[in-house]
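**Q** One structure is given below, represented as structure tokens, and several questions about it will come after.
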Amino acid sequence: MPNDPNAPQWKKFVRLKRPTVKHVRVRARKIEGATMRHAHRFIISRWANLRDVRRHALGWLVLASLLLVATGLQLYWIQSSYASEQPVSGGTYAEGVIGRLDTLNPIYASTQSERSAGQLIFSSLLRYDASNNLESDLAESYKTSADGKTYTVQLRKNATWHDGQPVTAKDVAFTLGLIKNPQTRSYLYRTWQDVQVKATGKYELVFTLPGAYAPFPHALTFGVLPQHILGKVSPLRLREHPFNRDPIGSGPFAFKGIQIINPDADRVVLQTERNKDYYRGPVKLERFQLHTYKDHDDLRQGFLSREINAAAELTIPDIKTVKDQLPSTVVTDAPLYDGVYAFFQTDRPILDNVQVRHALVKATDRLSIRKALSGYASSLEGPLVPEQVAGIKDFKQDAYDEKAAAAELEAAGWVLKNGVRQKDGQPLSLSIVAPRSGDFPEVLEGVASQWRKVGVDVKTQVVPTNTFEQNILTSRAYDVLLYELALGADPDVFAYWHSSQASVRGFNLSNYKSDITDDALLSARGRSEANLRTAKYRGFFEQWLEDAPAVALYRPHMRYITTDNTNSVDDTGPVIDTLGRYHTLEQWTTLKDREFTTP
């Protein structure tokens, strides 16, 4: 029951009274009093502690911030330890070269631009590796007969042209047939005119030589042309055929187009794209552009304006200018298998005397010439570089000695009068000629000034390169010629120093004749035994030093510049020629990205 005093408390029903105003006021005062007591106790009485609280809070905040920064730095350090900028595939490589690009047909290539294009688009039977040794390209292997006259070449079976057709032995035989045909007018004609070639199978070739010729494998680096494209073209019409401007090759890059920028300034851009079916595996670059320039000034400006990210063969002053304006530029410096010489016309009066020639060698300060080239040149002591023949590093020309040079001229009857030497009333007068390109003009003046110090009346002449061969080389219109020879990977320099080449059609620029030299050069090229060839070339080198048909001035270097984000040519040692920069083309890149490694 509700009024039962013994009922449970929770069951009791208490009737609430209606609140009055007085009751509300009493309750409000109680609440207010309680609130003030709590505020006084927990806030006002502790207000003095706020400063300490704030100081401690700020300390904890600083500590937390330091911990956060330390954690971030540690994370960054860990990531940096196991991550680095690495080259990646893709991108466009834009290279600048000097020279006209009139043809893309490798059997007609003559300028630096044309030869560079041939390396990108076409393949050869053999090629040079990064160590300047021959390696297989289209050829899978080759063997030589016992008499050294026959070479049998096996082709790889996975090579295709850029249009998908297979590369076969018939393509190689067809290409050499064009080269050997005088109507084709290929610059390779003389190299192949006496060699017979036959396709004995779909992937087999046999080369038959008139005699044993040890350097022959180096000739197998010519660009191969497609028979299925050019097979019906007359050799007489090949130079004008559209193929030469729209080629199909089998190399690492396929032709895409030619952009004409300024034909009057030889300014065009060759556009190529990666050959995804390249038999050696696709290269990393997506595209390769070859920009051509008329001269070094235009090439330098092209690099400075970022039209290109690489340039070949800038002059030393150009490199200094580029480095001053773009300090991050990378300069690759690699000695070439080349030599720069001052060639004596040995059948001319004055220079037909070996004593005079030796005096001029002694009067030439070759070290100062190399220093003037800012280190982009190496010592050269004769007709070969040390990498070509073992055991010639100790062979030396006459050392620079101005007093000894003067004494030798005196002994030869040339007496100093009024600053110029004379003999029998005739002055010791010599004309030195050089092409107007690269560093030749500066080197020419350096040599002339040195010879003038010993009483030689030197007259200098710099000739434009476009008329140099016809007006100077062919006619031998000089007493002394300043010129560069491409020595090549093999030591066979028969074409430069054998007496049979001392003619208007030959390249014996000193008209040098020596029975000992002739015998050594002729027999060395016919022997395959390395030790016998070495002995012959050592004998040739020693006789050359004794006869002094030229002054070996220096060994030039390939100078190649790139932007700092470009990964291409390395300073790994000498290269055979400037095209040697392409020996590692498969690894070239222009893009980088961060890559992580597992700790």
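Ligands are numbered from 1 in the order shown, residues from 1 within each chain, and chains are lettered A, B, ... in the order they appear in the structure tokens.
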Can you list, as a ChimeraX atom specification, every protein, DNA or RNA residue that comes within 12 Å of range 323-326 of chain A when you count only C-alpha atoms, leaving out same-chain residues fewer than 4 positions away?

**A** /A:300-301,303-306,309,314,316-319,330-331,561-564

**Q** Can you spit out the residues from that selection as a compact mmCIF listing (two decimals), in the first residue's frame, using C-alpha atoms?

**A**
```txt
# COMPACT_ATOMS: atom_id res chain seq x y z
CA ARG A 300 78.58 26.78 -78.53
CA GLN A 301 75.54 29.06 -78.66
CA PHE A 303 74.52 24.53 -75.95
CA LEU A 304 74.32 27.78 -73.98
CA SER A 305 70.72 28.34 -75.11
CA ARG A 306 69.81 24.75 -74.11
CA ASN A 309 72.22 18.91 -73.89
CA LEU A 314 84.06 22.37 -79.13
CA ILE A 316 89.14 25.04 -75.93
CA PRO A 317 88.08 28.73 -75.75
CA ASP A 318 84.47 27.61 -76.34
CA ILE A 319 84.67 25.16 -73.44
CA VAL A 330 80.39 18.19 -67.50
CA VAL A 331 83.44 17.95 -69.79
CA ILE A 561 80.34 18.39 -73.00
CA THR A 562 76.99 17.53 -71.44
CA THR A 563 74.52 18.98 -68.97
CA ASP A 564 74.82 17.71 -65.41
```

**Q** Might you pull out every residue within 6 Å of Ala359 in chain A, with only C-alpha atoms counted and same-chain residues fewer than 2 positions away left off, and present them as a list in words?

**A**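 So the residues in contact are Val356, Arg357, Val361, Lys362, Ala405 and Glu408 of chain A.
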
**Q** Counting only C-alpha atoms, which residues of range 189-220 of chain A fall within 9 Å of range 485-496 of chain A, and what is the closest atom pair for each with its distance in Å at one decimal, ordered by chain and rising number, as a tab-separated table?

**A**
```
residue	atom	partner	partner_atom	distance
A:Ala214	CA	A:Asp492	CA	8.8
A:Pro215	CA	A:Asp490	CA	6.3
A:His218	CA	A:Asp490	CA	7.6
```

**Q** Extract, using only C-alpha atoms, all DNA, RNA and protein residues at most 12 Å from Gly231 in chain A, discarding same-chain residues fewer than 6 positions from it, and format them as a list of chain:residue names.

**A**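 The residues that qualify are A:Lys170, A:Asp171, A:Val172, A:Ala173, A:Phe174, A:Thr175, A:Gly177, A:Leu178, A:Leu225, A:Leu238, A:Phe243.
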
**Q** Compile a residue-level contact table for range 515-534 of chain A against range 143-150 of chain A at a cut-off of 9 Å, reporting for every qualifying residue the shortest atom pair and its distance in Å to one decimal, with only C-alpha atoms counted, rows ordered by chain and ascending number, as CSV.

**A**
```
residue,atom,partner,partner_atom,distance
A:Gly526,CA,A:Gly148,CA,8.2
A:Arg527,CA,A:Gly148,CA,8.2
A:Ser528,CA,A:Gly148,CA,7.5
```

**Q** Export N, CA, C and O atoms of the chosen residues as a PDB file, in the first residue's frame?

**A**
```
ATOM      1  N   GLY A 526     100.765  -8.241 -93.553  1.00  0.00           N
ATOM      2  CA  GLY A 526     100.494  -9.573 -94.090  1.00  0.00           C
ATOM      3  C   GLY A 526     100.686 -10.692 -93.085  1.00  0.00           C
ATOM      4  O   GLY A 526     100.515 -11.868 -93.423  1.00  0.00           O
ATOM      5  N   ARG A 527     101.017 -10.355 -91.841  1.00  0.00           N
ATOM      6  CA  ARG A 527     101.234 -11.376 -90.813  1.00  0.00           C
ATOM      7  C   ARG A 527     100.172 -11.266 -89.734  1.00  0.00           C
ATOM      8  O   ARG A 527      99.859 -10.168 -89.272  1.00  0.00           O
ATOM      9  N   SER A 528      99.642 -12.395 -89.340  1.00  0.00           N
ATOM     10  CA  SER A 528      98.623 -12.404 -88.295  1.00  0.00           C
ATOM     11  C   SER A 528      99.201 -12.643 -86.911  1.00  0.00           C
ATOM     12  O   SER A 528      98.534 -12.383 -85.906  1.00  0.00           O
TER      13      SER A 528
END
```

**Q** Just the number, please: distance in Å from CA of Gly339 in chain A to CA of Val447 in chain A, one decimal.

**A**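 Interatomic distance, CA of Gly339 in chain A to CA of Val447 in chain A: 15.7 Å.
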
**Q** Please return as a ChimeraX atom specification: the residues of range 267-350 of chain A that backbone DSSP assigns to strand (DSSP E or B).

**A** /A:267-274,287-293,310-312,330-336,338-344

**Q** Any chance you could export the current selection's N, CA, C and O atoms as a CSV table (one decimal), in the first residue's frame?

**A**
```csv
chain,number,residue,atom,x,y,z
A,267,ARG,N,71.7,24.2,-90.6
A,267,ARG,CA,71.1,24.0,-89.3
A,267,ARG,C,69.8,23.1,-89.5
A,267,ARG,O,68.8,23.6,-90.0
A,268,VAL,N,70.0,21.8,-89.2
A,268,VAL,CA,68.9,20.9,-89.3
A,268,VAL,C,68.9,20.0,-88.1
A,268,VAL,O,69.9,20.0,-87.4
A,269,VAL,N,67.7,19.4,-87.8
A,269,VAL,CA,67.6,18.5,-86.7
A,269,VAL,C,67.2,17.1,-87.2
A,269,VAL,O,66.1,17.0,-87.8
A,270,LEU,N,68.0,16.1,-87.0
A,270,LEU,CA,67.6,14.7,-87.3
A,270,LEU,C,66.8,14.1,-86.1
A,270,LEU,O,67.4,14.1,-85.0
A,271,GLN,N,65.6,13.7,-86.4
A,271,GLN,CA,64.8,13.1,-85.3
A,271,GLN,C,64.8,11.6,-85.5
A,271,GLN,O,64.4,11.1,-86.5
A,272,THR,N,65.1,10.9,-84.4
A,272,THR,CA,65.1,9.4,-84.4
A,272,THR,C,64.4,9.0,-83.1
A,272,THR,O,64.3,9.7,-82.2
A,273,GLU,N,63.9,7.7,-83.2
A,273,GLU,CA,63.2,7.2,-82.0
A,273,GLU,C,63.7,5.8,-81.7
A,273,GLU,O,64.3,5.1,-82.6
A,274,ARG,N,63.6,5.3,-80.5
A,274,ARG,CA,64.1,4.1,-80.1
A,274,ARG,C,63.6,2.9,-80.9
A,274,ARG,O,62.4,2.8,-81.2
A,287,ARG,N,64.2,8.9,-77.4
A,287,ARG,CA,64.4,9.6,-78.7
A,287,ARG,C,65.9,10.2,-78.7
A,287,ARG,O,66.4,10.5,-77.6
A,288,PHE,N,66.4,10.3,-79.9
A,288,PHE,CA,67.7,10.9,-80.1
A,288,PHE,C,67.6,11.9,-81.2
A,288,PHE,O,67.2,11.6,-82.3
A,289,GLN,N,68.0,13.2,-80.8
A,289,GLN,CA,68.0,14.2,-81.8
A,289,GLN,C,69.5,14.6,-82.1
A,289,GLN,O,70.3,14.8,-81.2
A,290,LEU,N,69.8,14.7,-83.4
A,290,LEU,CA,71.1,15.1,-83.9
A,290,LEU,C,71.0,16.5,-84.5
A,290,LEU,O,70.4,16.7,-85.6
A,291,HIS,N,71.5,17.6,-83.8
A,291,HIS,CA,71.4,18.9,-84.3
A,291,HIS,C,72.7,19.3,-85.0
A,291,HIS,O,73.8,19.1,-84.4
A,292,THR,N,72.6,19.8,-86.2
A,292,THR,CA,73.8,20.1,-87.0
A,292,THR,C,74.0,21.6,-86.9
A,292,THR,O,73.1,22.4,-87.0
A,293,TYR,N,75.3,22.1,-86.9
A,293,TYR,CA,75.7,23.5,-86.9
A,293,TYR,C,76.8,23.7,-87.9
A,293,TYR,O,77.6,22.8,-88.2
A,310,ALA,N,74.1,18.2,-75.2
A,310,ALA,CA,75.5,17.6,-75.4
A,310,ALA,C,76.1,18.2,-76.7
A,310,ALA,O,75.3,18.5,-77.6
A,311,ALA,N,77.4,18.3,-76.7
A,311,ALA,CA,78.1,18.8,-77.9
A,311,ALA,C,79.4,18.2,-78.1
A,311,ALA,O,80.1,17.9,-77.1
A,312,ALA,N,79.8,17.9,-79.3
A,312,ALA,CA,81.0,17.2,-79.6
A,312,ALA,C,82.0,18.2,-80.3
A,312,ALA,O,81.6,19.0,-81.1
A,330,VAL,N,79.4,19.3,-67.7
A,330,VAL,CA,80.4,18.2,-67.5
A,330,VAL,C,81.2,18.1,-68.8
A,330,VAL,O,80.7,18.0,-69.9
A,331,VAL,N,82.5,18.1,-68.6
A,331,VAL,CA,83.4,17.9,-69.8
A,331,VAL,C,84.1,16.6,-69.7
A,331,VAL,O,84.8,16.3,-68.8
A,332,THR,N,83.9,15.8,-70.8
A,332,THR,CA,84.6,14.5,-70.9
A,332,THR,C,85.8,14.7,-71.8
A,332,THR,O,85.8,15.2,-72.8
A,333,ASP,N,86.9,14.2,-71.3
A,333,ASP,CA,88.2,14.3,-71.9
A,333,ASP,C,88.9,13.0,-72.2
A,333,ASP,O,89.3,12.3,-71.3
A,334,ALA,N,88.9,12.5,-73.4
A,334,ALA,CA,89.4,11.2,-73.8
A,334,ALA,C,90.4,11.3,-74.9
A,334,ALA,O,90.1,11.8,-76.0
A,335,PRO,N,91.6,10.7,-74.7
A,335,PRO,CA,92.6,10.7,-75.8
A,335,PRO,C,92.1,9.9,-77.0
A,335,PRO,O,91.5,8.9,-76.8
A,336,LEU,N,92.4,10.4,-78.2
A,336,LEU,CA,92.1,9.8,-79.4
A,336,LEU,C,93.2,8.9,-80.0
A,336,LEU,O,94.4,9.2,-79.7
A,338,ASP,N,94.6,9.3,-82.6
A,338,ASP,CA,95.0,10.2,-83.6
A,338,ASP,C,96.3,10.9,-83.3
A,338,ASP,O,96.8,10.8,-82.2
A,339,GLY,N,96.9,11.5,-84.3
A,339,GLY,CA,98.1,12.3,-84.1
A,339,GLY,C,98.1,13.5,-84.9
A,339,GLY,O,97.7,13.5,-86.1
A,340,VAL,N,98.6,14.6,-84.3
A,340,VAL,CA,98.8,15.9,-85.0
A,340,VAL,C,100.2,16.0,-85.3
A,340,VAL,O,101.1,16.0,-84.4
A,341,TYR,N,100.6,16.3,-86.6
A,341,TYR,CA,102.0,16.3,-87.0
A,341,TYR,C,102.3,17.6,-87.8
A,341,TYR,O,101.4,18.2,-88.4
A,342,ALA,N,103.5,17.9,-87.8
A,342,ALA,CA,104.1,18.9,-88.8
A,342,ALA,C,104.8,18.1,-89.8
A,342,ALA,O,105.9,17.6,-89.5
A,343,PHE,N,104.2,17.9,-91.0
A,343,PHE,CA,104.8,17.1,-92.0
A,343,PHE,C,105.8,17.8,-92.8
A,343,PHE,O,105.5,18.9,-93.4
A,344,PHE,N,107.0,17.3,-92.9
A,344,PHE,CA,108.1,17.9,-93.8
A,344,PHE,C,107.9,17.4,-95.2
A,344,PHE,O,107.9,16.1,-95.4
```

**Q** I'd like the neighbourhood of Trp414 in chain A as a list in words, where a residue qualifies if any of its atoms comes within 9 Å (using only C-alpha atoms), though same-chain residues fewer than 4 positions away should be ignored.

**A**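 What passes the distance filter is Glu408, Leu409, Glu410, Arg421, Gln422, Lys423, Asp424, Pro427 and Leu428 of chain A.
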
**Q** Can you spit out the residues from that selection as an mmCIF file, in the first residue's frame, using C-alpha atoms?

**A**
```
data_model
loop_
_atom_site.group_PDB
_atom_site.id
_atom_site.type_symbol
_atom_site.label_atom_id
_atom_site.label_comp_id
_atom_site.auth_asym_id
_atom_site.auth_seq_id
_atom_site.Cartn_x
_atom_site.Cartn_y
_atom_site.Cartn_z
ATOM 1 C CA GLU A 408 122.748 21.515 -85.836
ATOM 2 C CA LEU A 409 121.626 24.125 -88.354
ATOM 3 C CA GLU A 410 125.082 25.700 -88.168
ATOM 4 C CA ARG A 421 119.781 31.793 -91.405
ATOM 5 C CA GLN A 422 121.279 31.666 -94.894
ATOM 6 C CA LYS A 423 123.209 29.210 -96.980
ATOM 7 C CA ASP A 424 124.827 30.003 -100.314
ATOM 8 C CA PRO A 427 117.467 32.239 -96.719
ATOM 9 C CA LEU A 428 116.164 29.359 -94.625
#
```

**Q** Can you list, as a PyMOL selection string, every protein, DNA or RNA residue that comes within 8 Å of Val167 in chain A when you count only C-alpha atoms, leaving out same-chain residues fewer than 6 positions away?

**A** chain A and resi 157+159-161+226+250
